[in-house]
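Colleague: Got a file for you: run.cif, mmCIF, C-alpha atoms.
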data_entry
loop_
_atom_site.label_atom_id
_atom_site.label_comp_id
_atom_site.auth_asym_id
_atom_site.auth_seq_id
_atom_site.Cartn_x
_atom_site.Cartn_y
_atom_site.Cartn_z
CA MET G 599 -2.23 66.68 11.68
CA SER G 600 -5.65 66.00 13.14
CA THR G 601 -6.37 63.49 10.37
CA LEU G 602 -3.16 61.59 11.00
CA THR G 603 -3.82 61.50 14.71
CA ALA G 604 -7.31 60.14 14.20
CA THR G 605 -6.40 57.30 11.84
CA ALA G 606 -3.19 56.03 13.44
CA PRO G 607 -4.84 53.99 16.23
CA ASP G 608 -6.98 52.10 13.66
CA ALA G 609 -4.03 50.24 12.08
CA PRO G 610 -3.30 47.88 14.99
CA VAL G 611 -7.03 47.10 15.28
CA ALA G 612 -7.21 46.10 11.60
CA ALA G 613 -4.12 43.94 11.94
CA ALA G 614 -5.51 42.25 15.02
CA ALA G 615 -8.82 41.55 13.27
CA ARG G 616 -7.09 39.60 10.49
CA PRO G 617 -7.20 35.84 11.34
CA ALA G 618 -3.84 34.15 11.73
CA TYR G 619 -3.47 30.79 9.94
CA ARG G 620 -0.72 28.37 10.82
CA VAL G 621 0.45 25.29 8.96
CA THR G 622 -0.10 22.40 11.36
CA GLY G 623 0.16 18.66 10.96
CA ARG G 624 -3.59 18.25 11.41
CA ARG G 625 -4.36 20.78 8.69
CA VAL G 626 -1.91 19.20 6.25
CA LEU G 627 -3.49 15.79 6.91
CA ALA G 628 -6.96 17.25 6.36
CA SER G 629 -5.80 18.82 3.10
CA GLU G 630 -4.35 15.55 1.80
CA TRP G 631 -7.49 13.68 2.88
CA ALA G 632 -9.65 16.10 0.89
CA LYS G 633 -7.42 15.92 -2.18
CA LEU G 634 -7.40 12.11 -2.11
CA TRP G 635 -11.19 11.79 -2.21
CA THR G 636 -11.73 14.46 -4.86
CA LEU G 637 -9.96 12.30 -7.45
CA ARG G 638 -12.15 9.94 -9.45
CA SER G 639 -9.20 7.57 -9.81
CA THR G 640 -9.22 7.05 -6.03
CA TRP G 641 -12.72 5.58 -6.02
CA ILE G 642 -12.13 3.52 -9.16
CA THR G 643 -8.77 2.06 -8.13
CA LEU G 644 -9.78 1.33 -4.54
CA GLY G 645 -12.89 -0.38 -5.91
CA LEU G 646 -10.73 -2.45 -8.23
CA GLY G 647 -8.42 -3.43 -5.38
CA LEU G 648 -11.37 -4.54 -3.28
CA LEU G 649 -12.87 -6.38 -6.24
CA PHE G 650 -9.62 -8.20 -6.96
CA LEU G 651 -9.31 -9.35 -3.36
CA VAL G 652 -12.85 -10.67 -3.06
CA ALA G 653 -13.49 -11.91 -6.60
CA PHE G 654 -10.22 -13.79 -7.13
CA GLY G 655 -10.45 -15.28 -3.64
CA LEU G 656 -13.92 -16.63 -4.36
CA ILE G 657 -12.91 -17.85 -7.82
CA ALA G 658 -9.93 -19.76 -6.39
CA SER G 659 -12.10 -21.28 -3.65
CA SER G 660 -14.77 -22.32 -6.16
CA ARG G 661 -12.19 -23.85 -8.46
CA TYR G 662 -10.69 -25.82 -5.59
CA LYS G 663 -14.14 -27.03 -4.51
CA SER G 664 -15.04 -28.20 -8.02
CA GLY G 665 -11.68 -29.87 -8.68
CA ILE G 666 -11.07 -31.58 -5.34
CA GLY G 667 -10.30 -35.24 -5.83
CA SER G 668 -9.58 -34.78 -9.53
CA ALA G 669 -6.46 -36.42 -10.89
CA HIS G 670 -5.81 -33.37 -13.04
CA MET G 671 -5.55 -30.92 -10.13
CA ASP G 672 -2.11 -29.42 -9.63
CA PRO G 673 -0.49 -30.95 -6.51
CA ASP G 674 0.45 -27.54 -5.09
CA PHE G 675 -3.09 -26.26 -5.59
CA ALA G 676 -4.47 -29.41 -3.97
CA ARG G 677 -2.52 -28.57 -0.79
CA SER G 678 -4.12 -25.14 -0.53
CA THR G 679 -5.94 -23.95 2.57
CA ALA G 680 -8.95 -21.70 2.95
CA VAL G 681 -6.54 -18.88 3.85
CA SER G 682 -4.29 -19.24 0.80
CA LEU G 683 -7.31 -19.58 -1.49
CA SER G 684 -9.00 -16.50 -0.03
CA LEU G 685 -5.79 -14.46 -0.39
CA PHE G 686 -5.30 -15.49 -4.01
CA GLY G 687 -6.20 -11.98 -5.16
CA THR G 688 -3.48 -10.30 -3.10
CA ASN G 689 -1.02 -10.21 -6.01
CA PHE G 690 -3.58 -8.39 -8.16
CA ALA G 691 -4.75 -6.02 -5.43
CA GLN G 692 -1.19 -4.95 -4.64
CA LEU G 693 -0.83 -3.58 -8.16
CA ALA G 694 -4.04 -1.56 -7.92
CA LEU G 695 -3.14 -0.07 -4.54
CA GLY G 696 0.50 0.50 -5.44
CA VAL G 697 -0.43 2.25 -8.68
CA LEU G 698 -2.88 4.50 -6.83
CA GLY G 699 -0.13 5.32 -4.34
CA VAL G 700 2.08 6.44 -7.23
CA LEU G 701 -0.75 8.59 -8.60
CA VAL G 702 -1.27 10.27 -5.23
CA THR G 703 2.17 11.91 -5.41
CA ALA G 704 3.39 11.74 -9.01
CA GLY G 705 0.01 12.93 -10.25
CA GLU G 706 0.57 16.31 -8.60
CA TYR G 707 3.89 16.68 -10.39
CA SER G 708 2.32 15.88 -13.77
CA THR G 709 -0.44 18.47 -13.28
CA GLY G 710 1.79 21.09 -11.64
CA MET G 711 -0.40 21.17 -8.52
CA ILE G 712 2.63 20.31 -6.42
CA ARG G 713 3.75 23.95 -6.70
CA SER G 714 0.62 25.14 -4.93
CA THR G 715 0.92 22.39 -2.35
CA LEU G 716 4.50 23.25 -1.43
CA ALA G 717 3.76 26.99 -1.50
CA ALA G 718 1.16 26.34 1.20
CA VAL G 719 3.51 24.01 3.14
CA PRO G 720 7.03 25.42 2.63
CA ARG G 721 8.68 22.88 4.92
CA ARG G 722 7.83 20.18 2.32
CA LEU G 723 8.33 17.03 4.40
CA PRO G 724 4.95 17.28 6.19
CA VAL G 725 3.37 16.93 2.74
CA LEU G 726 5.13 13.62 2.12
CA TRP G 727 4.39 12.25 5.58
CA SER G 728 0.73 13.28 5.30
CA LYS G 729 0.27 11.76 1.86
CA ALA G 730 1.88 8.49 2.95
CA THR G 731 -0.11 8.37 6.20
CA VAL G 732 -3.49 9.18 4.66
CA PHE G 733 -3.21 6.81 1.75
CA GLY G 734 -1.51 4.09 3.79
CA LEU G 735 -4.37 4.06 6.30
CA VAL G 736 -6.99 4.08 3.55
CA ALA G 737 -5.26 1.19 1.74
CA LEU G 738 -4.95 -0.68 5.05
CA ALA G 739 -8.65 -0.28 5.82
CA VAL G 740 -9.82 -1.32 2.34
CA SER G 741 -7.43 -4.28 2.21
CA THR G 742 -8.35 -5.55 5.66
CA VAL G 743 -12.04 -5.43 4.84
CA GLY G 744 -11.39 -7.18 1.54
CA VAL G 745 -9.37 -10.08 2.94
CA PHE G 746 -11.83 -10.72 5.76
CA VAL G 747 -14.79 -10.68 3.36
CA ALA G 748 -12.94 -13.00 0.96
CA PHE G 749 -12.15 -15.45 3.75
CA PHE G 750 -15.65 -15.26 5.23
CA PHE G 751 -17.25 -16.42 1.98
CA GLY G 752 -14.33 -18.50 0.71
CA SER G 753 -14.20 -20.62 3.87
CA ARG G 754 -17.86 -21.48 3.37
CA ILE G 755 -17.26 -22.51 -0.21
CA VAL G 756 -14.52 -25.00 0.77
CA SER G 757 -16.33 -26.21 3.88
CA GLY G 758 -16.14 -29.99 4.14
CA THR G 759 -12.94 -30.23 2.09
CA PRO G 760 -9.34 -30.73 3.29
CA ALA G 761 -8.83 -26.96 2.90
CA ALA G 762 -11.64 -26.10 5.34
CA MET G 763 -10.79 -23.54 8.04
CA ASP G 764 -12.55 -20.91 10.09
CA PHE G 765 -11.55 -17.88 12.14
CA SER G 766 -10.86 -20.02 15.20
CA HIS G 767 -8.03 -21.95 13.55
CA ALA G 768 -4.54 -21.00 14.72
CA GLY G 769 -2.88 -18.37 12.58
CA VAL G 770 -5.93 -17.47 10.47
CA VAL G 771 -6.62 -14.02 11.94
CA ARG G 772 -2.89 -13.25 12.02
CA SER G 773 -2.59 -14.14 8.32
CA LEU G 774 -5.57 -12.00 7.34
CA LEU G 775 -4.32 -9.01 9.33
CA GLY G 776 -0.85 -9.52 7.87
CA ALA G 777 -2.25 -9.44 4.33
CA GLY G 778 -4.10 -6.20 5.04
CA LEU G 779 -0.98 -4.64 6.55
CA TYR G 780 1.15 -5.78 3.62
CA LEU G 781 -1.18 -4.15 1.10
CA GLY G 782 -1.32 -0.97 3.17
CA LEU G 783 2.48 -0.76 3.14
CA VAL G 784 2.52 -1.41 -0.61
CA GLY G 785 0.37 1.70 -0.95
CA VAL G 786 2.91 3.66 1.11
CA ILE G 787 5.76 2.39 -1.08
CA GLY G 788 3.83 3.48 -4.17
CA THR G 789 3.41 6.94 -2.65
CA ALA G 790 7.14 7.14 -1.93
CA LEU G 791 8.07 6.01 -5.45
CA GLY G 792 5.80 8.64 -6.97
CA ALA G 793 7.50 11.37 -4.91
CA LEU G 794 10.97 9.98 -5.62
CA LEU G 795 10.65 9.58 -9.40
CA ARG G 796 8.05 12.35 -9.98
CA SER G 797 6.70 10.37 -12.92
CA VAL G 798 3.57 8.24 -13.03
CA ALA G 799 4.98 5.92 -15.69
CA GLY G 800 8.35 5.67 -13.95
CA GLY G 801 6.84 5.01 -10.52
CA ILE G 802 4.51 2.30 -11.84
CA SER G 803 7.35 0.66 -13.79
CA VAL G 804 9.61 0.48 -10.73
CA LEU G 805 6.73 -0.79 -8.58
CA VAL G 806 5.87 -3.60 -10.99
CA ALA G 807 9.52 -4.52 -11.44
CA THR G 808 10.10 -4.62 -7.68
CA LEU G 809 7.05 -6.70 -6.81
CA MET G 810 6.81 -9.01 -9.83
CA LEU G 811 9.78 -8.99 -12.21
CA ILE G 812 12.78 -9.07 -9.87
CA PRO G 813 11.59 -12.20 -7.97
CA GLY G 814 11.39 -14.02 -11.32
CA LEU G 815 14.88 -12.90 -12.30
CA ILE G 816 16.30 -13.98 -8.95
CA SER G 817 15.06 -17.51 -9.67
CA LEU G 818 17.63 -17.67 -12.49
CA LEU G 819 20.53 -17.30 -10.07
CA PRO G 820 22.41 -20.31 -8.65
CA SER G 821 20.48 -21.94 -5.83
CA SER G 822 23.05 -20.94 -3.19
CA TRP G 823 22.63 -17.25 -4.09
CA ARG G 824 18.88 -17.53 -4.61
CA ASP G 825 18.26 -19.02 -1.17
CA ASP G 826 20.23 -16.21 0.50
CA ILE G 827 18.66 -13.32 -1.44
CA SER G 828 15.10 -14.39 -2.19
CA PRO G 829 13.59 -14.21 1.33
CA TYR G 830 14.65 -10.56 1.67
CA LEU G 831 13.04 -9.31 -1.52
CA PRO G 832 10.09 -6.99 -0.83
CA SER G 833 7.45 -9.30 -2.31
CA ASN G 834 8.78 -12.43 -0.60
CA ALA G 835 9.24 -10.72 2.75
CA GLY G 836 5.72 -9.34 2.44
CA GLU G 837 4.31 -12.76 1.57
CA SER G 838 5.86 -14.24 4.71
CA MET G 839 3.80 -11.71 6.72
CA PHE G 840 0.56 -13.46 5.79
CA ALA G 841 1.66 -17.00 4.95
CA LEU G 842 0.00 -19.55 7.22
CA THR G 843 2.97 -21.92 7.24
CA HIS G 844 6.70 -21.32 6.83
CA ASP G 845 9.76 -23.37 5.94
CA THR G 846 13.51 -22.88 5.99
CA THR G 847 13.45 -20.86 2.76
CA SER G 848 11.09 -18.17 4.07
CA LEU G 849 11.14 -15.66 6.90
CA SER G 850 8.94 -15.79 9.97
CA PRO G 851 5.99 -13.34 10.04
CA GLY G 852 7.81 -11.01 12.44
CA ALA G 853 11.05 -11.05 10.45
CA GLY G 854 9.13 -10.54 7.20
CA LEU G 855 7.37 -7.52 8.69
CA LEU G 856 10.67 -5.99 9.81
CA VAL G 857 12.25 -6.50 6.39
CA PHE G 858 9.26 -5.05 4.57
CA LEU G 859 9.17 -2.08 6.94
CA GLY G 860 12.84 -1.57 6.10
CA TRP G 861 12.05 -1.44 2.37
CA THR G 862 9.20 0.98 3.06
CA ALA G 863 11.45 3.24 5.15
CA LEU G 864 14.12 3.15 2.43
CA ALA G 865 11.62 4.27 -0.22
CA LEU G 866 10.33 7.07 2.03
CA ALA G 867 13.88 8.19 2.84
CA GLY G 868 14.73 8.45 -0.85
CA ALA G 869 11.53 10.42 -1.51
CA ALA G 870 12.24 12.75 1.43
CA TYR G 871 15.82 13.39 0.28
CA ARG G 872 14.77 14.34 -3.24
CA LEU G 873 11.89 16.47 -1.98
CA LEU G 874 14.32 18.51 0.15
CA ARG G 875 17.18 18.69 -2.33
CA SER G 876 15.41 19.20 -5.68
CA ASP G 877 13.21 21.95 -7.06
CA VAL G 878 9.69 21.12 -8.12
#
For this file, write the structure as structure tokens.
Modeller:
Amino acid sequence: MSTLTATAPDAPVAAAARPAYRVTGRRVLASEWAKLWTLRSTWITLGLGLLFLVAFGLIASSRYKSGIGSAHMDPDFARSTAVSLSLFGTNFAQLALGVLGVLVTAGEYSTGMIRSTLAAVPRRLPVLWSKATVFGLVALAVSTVGVFVAFFFGSRIVSGTPAAMDFSHAGVVRSLLGAGLYLGLVGVIGTALGALLRSVAGGISVLVATLMLIPGLISLLPSSWRDDISPYLPSNAGESMFALTHDTTSLSPGAGLLVFLGWTALALAGAAYRLLRSDV
């Protein structure tokens, strides 16, 4: 009896000494941030995205500079501006960033790590929001740096030509920021597709089809249908976000942003629904 009486008060002390850990939004974000940068593919793919933005922008600017005044230059290319030339690599960078977004989520399903992740965060949805937020902000930062660097050097290459522009020209900064935002949202869509399809190959296939193949197929439709549908496709709405000029067949920058945000929200909603309703 004396032994029991002596040891009973020690139990609450031991329980109180054990640290209590809670799953918070900040901790989930920190976890996803750490996981993102431990992957070698993150560094490689982000580097490729940055390289595509800068290199193709400079190549397009150099080609314009060397071919200006030539009778063999394509008329559409001859009407280019320093902004459109500098953003020539956007179509290539969107694939790199979108593919990495798919890998961020679908890669955990292929390795089985998603089980550990959801065991640590049983509510599930904070994992999706954290992955999308972390990678979206990283893609936004890398893309914005890339487009500004491409324009900084590209505008100097075409200086003295009809395409010449600088940061003080109307719409230039808005176009560059719009391009960075577009690529950041493409990364978020890639993240959502990876969580929705849970397959790296499937997510990449749908991403490529959405951004590149479907716009080409829409061009085969009758012109009356094409003109009504085309501006609202994800790639075309996104392009209107950073286009310097607009016509009756394209959306305004604000409308393009709203449409592209709608596509992004739709992809995230689908990913959230499957994450809640399906086993891992």
Colleague: List the residues selected by the PyMOL selection byres ((chain G and resi 677) around 12) in the file shown, writing them as a PDB file with C-alpha atoms, in the coordinates of the input.
Modeller:
ATOM      1  CA  TYR G 662     -10.690 -25.820  -5.590  1.00  0.00           C
ATOM      2  CA  ILE G 666     -11.070 -31.580  -5.340  1.00  0.00           C
ATOM      3  CA  GLY G 667     -10.300 -35.240  -5.830  1.00  0.00           C
ATOM      4  CA  MET G 671      -5.550 -30.920 -10.130  1.00  0.00           C
ATOM      5  CA  ASP G 672      -2.110 -29.420  -9.630  1.00  0.00           C
ATOM      6  CA  PRO G 673      -0.490 -30.950  -6.510  1.00  0.00           C
ATOM      7  CA  ASP G 674       0.450 -27.540  -5.090  1.00  0.00           C
ATOM      8  CA  PHE G 675      -3.090 -26.260  -5.590  1.00  0.00           C
ATOM      9  CA  ALA G 676      -4.470 -29.410  -3.970  1.00  0.00           C
ATOM     10  CA  SER G 678      -4.120 -25.140  -0.530  1.00  0.00           C
ATOM     11  CA  THR G 679      -5.940 -23.950   2.570  1.00  0.00           C
ATOM     12  CA  ALA G 680      -8.950 -21.700   2.950  1.00  0.00           C
ATOM     13  CA  VAL G 681      -6.540 -18.880   3.850  1.00  0.00           C
ATOM     14  CA  SER G 682      -4.290 -19.240   0.800  1.00  0.00           C
ATOM     15  CA  LEU G 683      -7.310 -19.580  -1.490  1.00  0.00           C
ATOM     16  CA  THR G 759     -12.940 -30.230   2.090  1.00  0.00           C
ATOM     17  CA  PRO G 760      -9.340 -30.730   3.290  1.00  0.00           C
ATOM     18  CA  ALA G 761      -8.830 -26.960   2.900  1.00  0.00           C
ATOM     19  CA  ALA G 762     -11.640 -26.100   5.340  1.00  0.00           C
ATOM     20  CA  THR G 843       2.970 -21.920   7.240  1.00  0.00           C
TER      21      THR G 843
END
Colleague: To one decimal place in Å, what is the distance between atom CA of G:Leu805 and atom CA of G:Leu651?
Modeller: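 These atoms are spaced 18.9 Å apart.
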Colleague: Choose the residue, out of G:Ser766, G:Ser660, G:Thr622, G:Gln692, that has the smallest atom-to-atom separation from G:Gly785; count all atoms listed in the file.
Modeller: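 With all atoms listed in the file as the atom set, the closest residue is G:Gln692.
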Colleague: Could you pull the residues within 7 Å of G:Ala704, counting all atoms listed in the file, minus those fewer than 2 positions along the same chain, as a ChimeraX atom specification?
Modeller: /G:700-702,706-708,792-793,796-798
Colleague: Taking the file as shown, what set of residues would the PyMOL selection byres ((chain G and resi 826) around 12) give back, as a list in words?
Modeller: Ile816, Ser817, Leu819, Pro820, Ser821, Ser822, Trp823, Arg824, Asp825, Ile827, Ser828, Pro829, Tyr830, Leu831, Thr846, Thr847, Ser848 and Leu849 of chain G
Colleague: Given all atoms listed in the file as the basis, pick out the residue of G:Leu794, G:Val725, G:Ala867, G:Val736 nearest to G:Leu648.
Modeller: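 Closest candidate: G:Val736.
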Colleague: Quick one: residues within 12 Å of stretch 850-853 of chain G, all atoms listed in the file, excluding same-chain residues fewer than 6 positions away - as a PyMOL selection string?
Modeller: chain G and resi 769+772-777+779-780+829-830+834-844+859-860
Colleague: Keeping only C-alpha atoms, write the selected residues as a CSV table (one decimal), in the coordinates of the input.
Modeller:
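The new file again.csv reads:
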chain,number,residue,atom,x,y,z
G,769,GLY,CA,-2.9,-18.4,12.6
G,772,ARG,CA,-2.9,-13.2,12.0
G,773,SER,CA,-2.6,-14.1,8.3
G,774,LEU,CA,-5.6,-12.0,7.3
G,775,LEU,CA,-4.3,-9.0,9.3
G,776,GLY,CA,-0.8,-9.5,7.9
G,777,ALA,CA,-2.2,-9.4,4.3
G,779,LEU,CA,-1.0,-4.6,6.6
G,780,TYR,CA,1.2,-5.8,3.6
G,829,PRO,CA,13.6,-14.2,1.3
G,830,TYR,CA,14.6,-10.6,1.7
G,834,ASN,CA,8.8,-12.4,-0.6
G,835,ALA,CA,9.2,-10.7,2.8
G,836,GLY,CA,5.7,-9.3,2.4
G,837,GLU,CA,4.3,-12.8,1.6
G,838,SER,CA,5.9,-14.2,4.7
G,839,MET,CA,3.8,-11.7,6.7
G,840,PHE,CA,0.6,-13.5,5.8
G,841,ALA,CA,1.7,-17.0,5.0
G,842,LEU,CA,0.0,-19.6,7.2
G,843,THR,CA,3.0,-21.9,7.2
G,844,HIS,CA,6.7,-21.3,6.8
G,859,LEU,CA,9.2,-2.1,6.9
G,860,GLY,CA,12.8,-1.6,6.1
Colleague: Between G:Ala870, G:Ala730, G:Ala739, G:Val719, which is the closest to G:Arg625 once you count all atoms listed in the file?
Modeller: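 Using all atoms listed in the file, the shortest distance to G:Arg625 belongs to G:Val719.
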Colleague: Which residue out of G:Ile657, G:Val626, G:Val786, G:Val740 has the minimum interatomic distance to G:Leu685 when all atoms listed in the file are used?
Modeller: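 Going through G:Ile657, G:Val626, G:Val786, G:Val740 one by one, the smallest distance to G:Leu685 is for G:Ile657.
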Colleague: Could you expand the PyMOL selection byres ((chain G and resi 764) around 10) into the explicit residues it covers here, written as a list in words?
Modeller: Ala680, Val681, Phe749, Phe750, Gly752, Ser753, Arg754, Ser757, Ala762, Met763, Phe765, Ser766, His767, Ala768, Val770 and Val771 of chain G
Colleague: Let me make sure I understand: among G:Thr789, G:Ala737, G:Gly744, G:Ala653, which one has the smallest atom-to-atom distance to G:Trp641 if we use all atoms listed in the file?
Modeller: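 Closest candidate: G:Ala737.
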Colleague: Calculate how many Å separate atom CA of G:Leu723 from atom CA of G:Arg638, rounding to one decimal.
Modeller: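 Separation of atom CA of G:Leu723 and atom CA of G:Arg638: 25.7 Å.
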Colleague: Extract stretch 691-704 of chain G from the preceding block and save N, CA and C atoms as a compact mmCIF listing (two decimals), in the first residue's frame.
Modeller:
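Resulting contents of part.txt:
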# COMPACT_ATOMS: atom_id res chain seq x y z
N ALA G 691 8.06 27.60 -70.41
CA ALA G 691 8.17 27.63 -68.96
C ALA G 691 6.92 27.10 -68.28
N GLN G 692 5.75 27.30 -68.88
CA GLN G 692 4.52 26.82 -68.26
C GLN G 692 4.50 25.30 -68.17
N LEU G 693 5.13 24.62 -69.12
CA LEU G 693 5.19 23.17 -69.06
C LEU G 693 6.09 22.71 -67.92
N ALA G 694 7.25 23.37 -67.78
CA ALA G 694 8.17 22.99 -66.71
C ALA G 694 7.53 23.19 -65.34
N LEU G 695 6.91 24.34 -65.13
CA LEU G 695 6.31 24.64 -63.83
C LEU G 695 5.06 23.80 -63.58
N GLY G 696 4.27 23.58 -64.61
CA GLY G 696 3.08 22.74 -64.46
C GLY G 696 3.44 21.30 -64.15
N VAL G 697 4.46 20.78 -64.83
CA VAL G 697 4.90 19.41 -64.57
C VAL G 697 5.42 19.27 -63.14
N LEU G 698 6.18 20.25 -62.68
CA LEU G 698 6.68 20.20 -61.30
C LEU G 698 5.52 20.26 -60.32
N GLY G 699 4.49 21.03 -60.62
CA GLY G 699 3.32 21.07 -59.77
C GLY G 699 2.65 19.70 -59.66
N VAL G 700 2.58 18.99 -60.77
CA VAL G 700 2.02 17.63 -60.75
C VAL G 700 2.88 16.73 -59.87
N LEU G 701 4.19 16.84 -60.00
CA LEU G 701 5.10 16.00 -59.22
C LEU G 701 4.99 16.27 -57.72
N VAL G 702 4.70 17.51 -57.36
CA VAL G 702 4.60 17.87 -55.94
C VAL G 702 3.54 17.03 -55.23
N THR G 703 2.43 16.77 -55.90
CA THR G 703 1.35 16.00 -55.26
C THR G 703 1.32 14.55 -55.73
N ALA G 704 1.32 14.32 -57.03
CA ALA G 704 1.23 12.94 -57.53
C ALA G 704 2.46 12.13 -57.16
